[in-house]
Every structure is written in C-alpha cells, then in structure tokens.
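Read through the structure below, which is laid out as structure tokens, and then see the notes.
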Amino acid sequence: MLLVVFVLWQTRASHPLLPLVILRDRNRSAAYASVVIAGAGMFGVFLFVTYYVQATLHYSPIQTGVAFLPMIGMLVLSAQLGTNLFVPRFGPKIMVPIGMLLATTAMLFFTRLDVHTAYAPGLLVPLMLMGAGMGSIMPASMQTATLGVDRQYAGVAGALVNTSQQVGGSISTALLNTLAATALTDYLTSHAPVTAAVGAEAAVHGYATAYWWCAAFFAGGAVLAAVVFRRRNQGLALHTAHQHAAPAAEARPVPEAVGA
C-alpha cells in the first residue's frame with residue numbers, strides 16, 4: 001500500500017524524489033529488482049549463518065569473521081571476472097540468472113547444516129558458491145542500472161542502486177527473522193520436553209526455514225532476470241541509439257525569436 005501511495009505521489013510531484021522515467025527501461029527495472037533480491041538474500045546469509053556459527057558451533061567473533069573470508073574472496077574474484085570479461089561478452093541476461101542459480105544452490109546447501117556440521121566442506125562450499133553468485137549478480141546489475149540514463153537523472157539512478165540493496169536487506173531481515181522465530185517455536189512445541197539439545201536443534205530448524213525462503217527468493221530472481229532482461233544485442237542497439245539521439249538533440253539550432 002505504501003509503495004502504491006509513493007508511486008502515485010511521484011507521478012504528481014513537480015520535482016519527484018524518484019523520476020519514474022528511470023524505470024521505464026526494461027533492463028534498468030530488471031537490474032534494480034535483481035539488486036533488491038540479491039540484497040535480501042545476502043542479508044539473510046550474513047544474519048543466520050552468523051547466528052549458526054556463533055550460537056550453534058560456538059565460534060568466537062574473530063573466528064566467525066575469518067570463516068566468511070572465502071566467500072568474500074570468491075565475491076571479489078567473481079566480480080572482477082564479471083566486470084572485465086563476462087558481462088561485456090554475455091550481458092546481464094546471462095550473468096544475473098547464473099548468479100541467482102549459484103546463490104540458490106548455496107542456500108540449498110545451507111539447509112543441510114546441523115548441530116554437528118564441520119566447517120569444511122559443510123560451510124565452506126556454500127559460502128564460496130554464495131560469493132561466486134553475488135559476484136555474478138551485482139556487477140551486471142549495477143552496470144545495467146545506470147547504463148544509458150539521461151545525465152540529469154544519473155545521480156538518482158546511482159543512488160537507487162544503493163537504496164534497492166538496503167530495502168531488500170531491511171525487508172528480508174524483518175521477514176526472515178519472523179519466519180525463523182515461528183519455525184523455532186513450532187519445533188519446540190512439538191518436541192517437548194525442551195532440553196538444551198532440543199533447543200539447539202530448534203534453532204537450526206529455524207535457520208533452515210530462513211534458508212529455504214532465501215533459496216526461493218533467488219530462484220524467483222533467476223526466472224525474473226531471464227525473462228525481463230533483453231538479449232545483449234538488443235540492449236546494445238537501444239543504448240547506441242540513445243547515445244546518437246542525445247547529441248543530435250543538443251546540436252539542434254534554436255529558432256530565432258520573432259522580430260529579432
């Protein structure tokens with residue numbers, strides 16, 4: 001409801017906070033949607049995997065940070081390859097769905113974690129898959145989100161990328177916490193009497209519920225990206241036409257005033 005009110009307000013405002021013309025391009029809209037989904041899934045990973053390794057596996061905060069480093073390394077490597085090699089060659093219609101599917105696979109691996117899972121390969125493999133997936137999604141989405149936008153809207157288009165990621169993370173944090181807490185409560189209710197072992201199993205069950213939902217987010221994002229993004233040649237043709245049209249408009253002579 002709030003989103004509908006916001007959109008209606010922006011269509012009537014003389015100086016809109018979000019000029020809706022930015023979202024009329026299919027590729028750009030798909031890019032923003034992909035960033036929202038990626039942000040939602042990433043926040044879910046950081047939140048619940050952190051809960052898991054500290055509360056269930058009893059890692060210290062420093063050990064937890066070190067445990068995430070392989071994911072960050074894969075993200076950096078994947079992002080560099082995507083930015084410099086794969087995105088220019090294949091475009092977002094290929095790269096974003098691949099990244100979403102990698103992230104979906106990582107989430108499915110996370111659902112298999114239990115109270116006795118070892119870091120390698122139980123956590124290491126899905127963390128690296130998640131990093132590779134995010135490194136495939138974000139460069140392609142961020143580049144497409146600002147590609148071909150008019151200069152007067154360039155700042156808004158760039159800001160909307162960051163806002164989309166934060167909105168996705170905020171929504172997923174609230175939603176996934178509620179779903180995980182509900183699953184945990186139901187597990188405890190159905191496994192009385194509650195002991196320390198049952199409590200640990202209930203927590204892992206709650207985390208798994210959140211992972212399943214994150215997997216659904218990413219799977220839906222893969223379908224959306226594959227359907228909505230244009231093929232690479234179509235996107236390049238439209239961008240080239242836009243670039244040629246803008247200088248022509250600027251070079252158009254201004255009619256002389258009457259009586260000059």
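Naming scheme: A, B, ... for chains in displayed order of the structure tokens; residues 1 onward per chain; ligands 1 onward as shown.
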
>> Please list as JSON, numbers by chain every residue within 9 Å of Gly122 (chain A), counting only C-alpha atoms and excluding residues in the same chain fewer than 4 positions away.
In response: {"A": [109, 110, 112, 113, 117, 118, 126]}

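Using only C-alpha atoms, the residues found no farther than 8 Å from region 61-75 of chain A, other than those of its own chain fewer than 2 positions away, are Thr50, Val53, Gln54, Tyr59, Leu77, Ser78, Ala79, Leu124, Leu127, Met128, Leu129, Met130, Gly131, Ala132, Gly133, Met134 and Gly135 of chain A.
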
Could you write out that same residue set with N, CA and C atoms as a short mmCIF file (atom, residue, chain, number, x, y, z; two decimals), in the first residue's frame?
data_model
loop_
_atom_site.label_atom_id
_atom_site.label_comp_id
_atom_site.auth_asym_id
_atom_site.auth_seq_id
_atom_site.Cartn_x
_atom_site.Cartn_y
_atom_site.Cartn_z
N THR A 50 25.74 -16.24 10.68
CA THR A 50 26.42 -15.73 11.87
C THR A 50 25.79 -16.29 13.14
N VAL A 53 26.98 -20.09 13.32
CA VAL A 53 28.36 -20.41 13.69
C VAL A 53 28.69 -19.95 15.11
N GLN A 54 28.03 -18.91 15.60
CA GLN A 54 28.34 -18.44 16.95
C GLN A 54 27.49 -19.14 18.01
N TYR A 59 31.63 -20.53 17.58
CA TYR A 59 32.77 -19.78 17.08
C TYR A 59 32.86 -18.45 17.83
N LEU A 77 36.78 -12.14 -6.68
CA LEU A 77 37.25 -12.79 -7.91
C LEU A 77 36.15 -12.82 -8.96
N SER A 78 34.95 -13.23 -8.56
CA SER A 78 33.84 -13.32 -9.50
C SER A 78 33.46 -11.94 -10.03
N ALA A 79 33.47 -10.94 -9.16
CA ALA A 79 33.12 -9.58 -9.60
C ALA A 79 34.14 -9.04 -10.59
N LEU A 124 32.06 -24.23 4.10
CA LEU A 124 32.98 -23.62 3.13
C LEU A 124 32.41 -23.63 1.72
N LEU A 127 29.42 -21.16 1.21
CA LEU A 127 29.89 -19.78 1.30
C LEU A 127 30.60 -19.36 0.02
N MET A 128 31.42 -20.25 -0.54
CA MET A 128 32.11 -19.92 -1.77
C MET A 128 31.14 -19.83 -2.95
N LEU A 129 30.16 -20.70 -2.98
CA LEU A 129 29.14 -20.61 -4.02
C LEU A 129 28.37 -19.30 -3.92
N MET A 130 28.07 -18.90 -2.68
CA MET A 130 27.35 -17.64 -2.48
C MET A 130 28.18 -16.46 -2.96
N GLY A 131 29.48 -16.46 -2.65
CA GLY A 131 30.33 -15.39 -3.12
C GLY A 131 30.39 -15.33 -4.63
N ALA A 132 30.51 -16.48 -5.28
CA ALA A 132 30.54 -16.51 -6.74
C ALA A 132 29.22 -16.01 -7.33
N GLY A 133 28.11 -16.39 -6.70
CA GLY A 133 26.82 -15.93 -7.18
C GLY A 133 26.64 -14.44 -7.06
N MET A 134 26.98 -13.88 -5.91
CA MET A 134 26.84 -12.44 -5.71
C MET A 134 27.77 -11.68 -6.63
N GLY A 135 28.97 -12.21 -6.86
CA GLY A 135 29.89 -11.56 -7.78
C GLY A 135 29.42 -11.58 -9.22
#

> Quick one, how far is CA of Ala192 (chain A) from CA of Leu57 (chain A)?
Replying inline: 23.1 Å

Region 86-128 of chain A near region 16-27 of chain A within 12 Å: what's each residue's closest atom pair and its distance in Å to one decimal, counting only C-alpha atoms, ordered by chain then ascending residue number, as JSON lines?
{"residue": "A:Gly91", "atom": "CA", "partner": "A:Asn27", "partner_atom": "CA", "distance": 10.6}
{"residue": "A:Pro92", "atom": "CA", "partner": "A:Asn27", "partner_atom": "CA", "distance": 8.5}
{"residue": "A:Lys93", "atom": "CA", "partner": "A:Asn27", "partner_atom": "CA", "distance": 8.9}
{"residue": "A:Val96", "atom": "CA", "partner": "A:Asn27", "partner_atom": "CA", "distance": 11.5}

>> Report as number ranges by chain all protein, DNA and RNA residues lying within 7 Å of Gly168 (chain A), evaluated on only C-alpha atoms, omitting residues in the same chain fewer than 6 positions from it.
In response: A: 36-37, 39-40

Any chance you can output those residues with N, CA and C atoms as a short mmCIF file (atom, residue, chain, number, x, y, z; two decimals), in the first residue's frame?
data_model
loop_
_atom_site.label_atom_id
_atom_site.label_comp_id
_atom_site.auth_asym_id
_atom_site.auth_seq_id
_atom_site.Cartn_x
_atom_site.Cartn_y
_atom_site.Cartn_z
N VAL A 36 17.57 -5.73 -5.41
CA VAL A 36 16.71 -5.92 -4.24
C VAL A 36 16.77 -7.38 -3.78
N ILE A 37 16.62 -8.31 -4.72
CA ILE A 37 16.63 -9.74 -4.37
C ILE A 37 17.99 -10.16 -3.83
N GLY A 39 20.20 -8.27 -2.37
CA GLY A 39 20.35 -7.70 -1.03
C GLY A 39 19.59 -8.48 0.01
N ALA A 40 18.38 -8.91 -0.34
CA ALA A 40 17.57 -9.69 0.61
C ALA A 40 18.27 -11.00 0.95
#

> For Thr163 (chain A), which of A:Ser60, A:Ser14, A:Tyr32, A:Phe218 is the closest residue, counting only C-alpha atoms?
Replying inline: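 The answer is A:Tyr32, which sits nearest to Thr163 (chain A).
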
>> One decimal, in Å: what's the spacing between CA of His205 (chain A) and CA of Met100 (chain A)?
In response: 23.7 Å
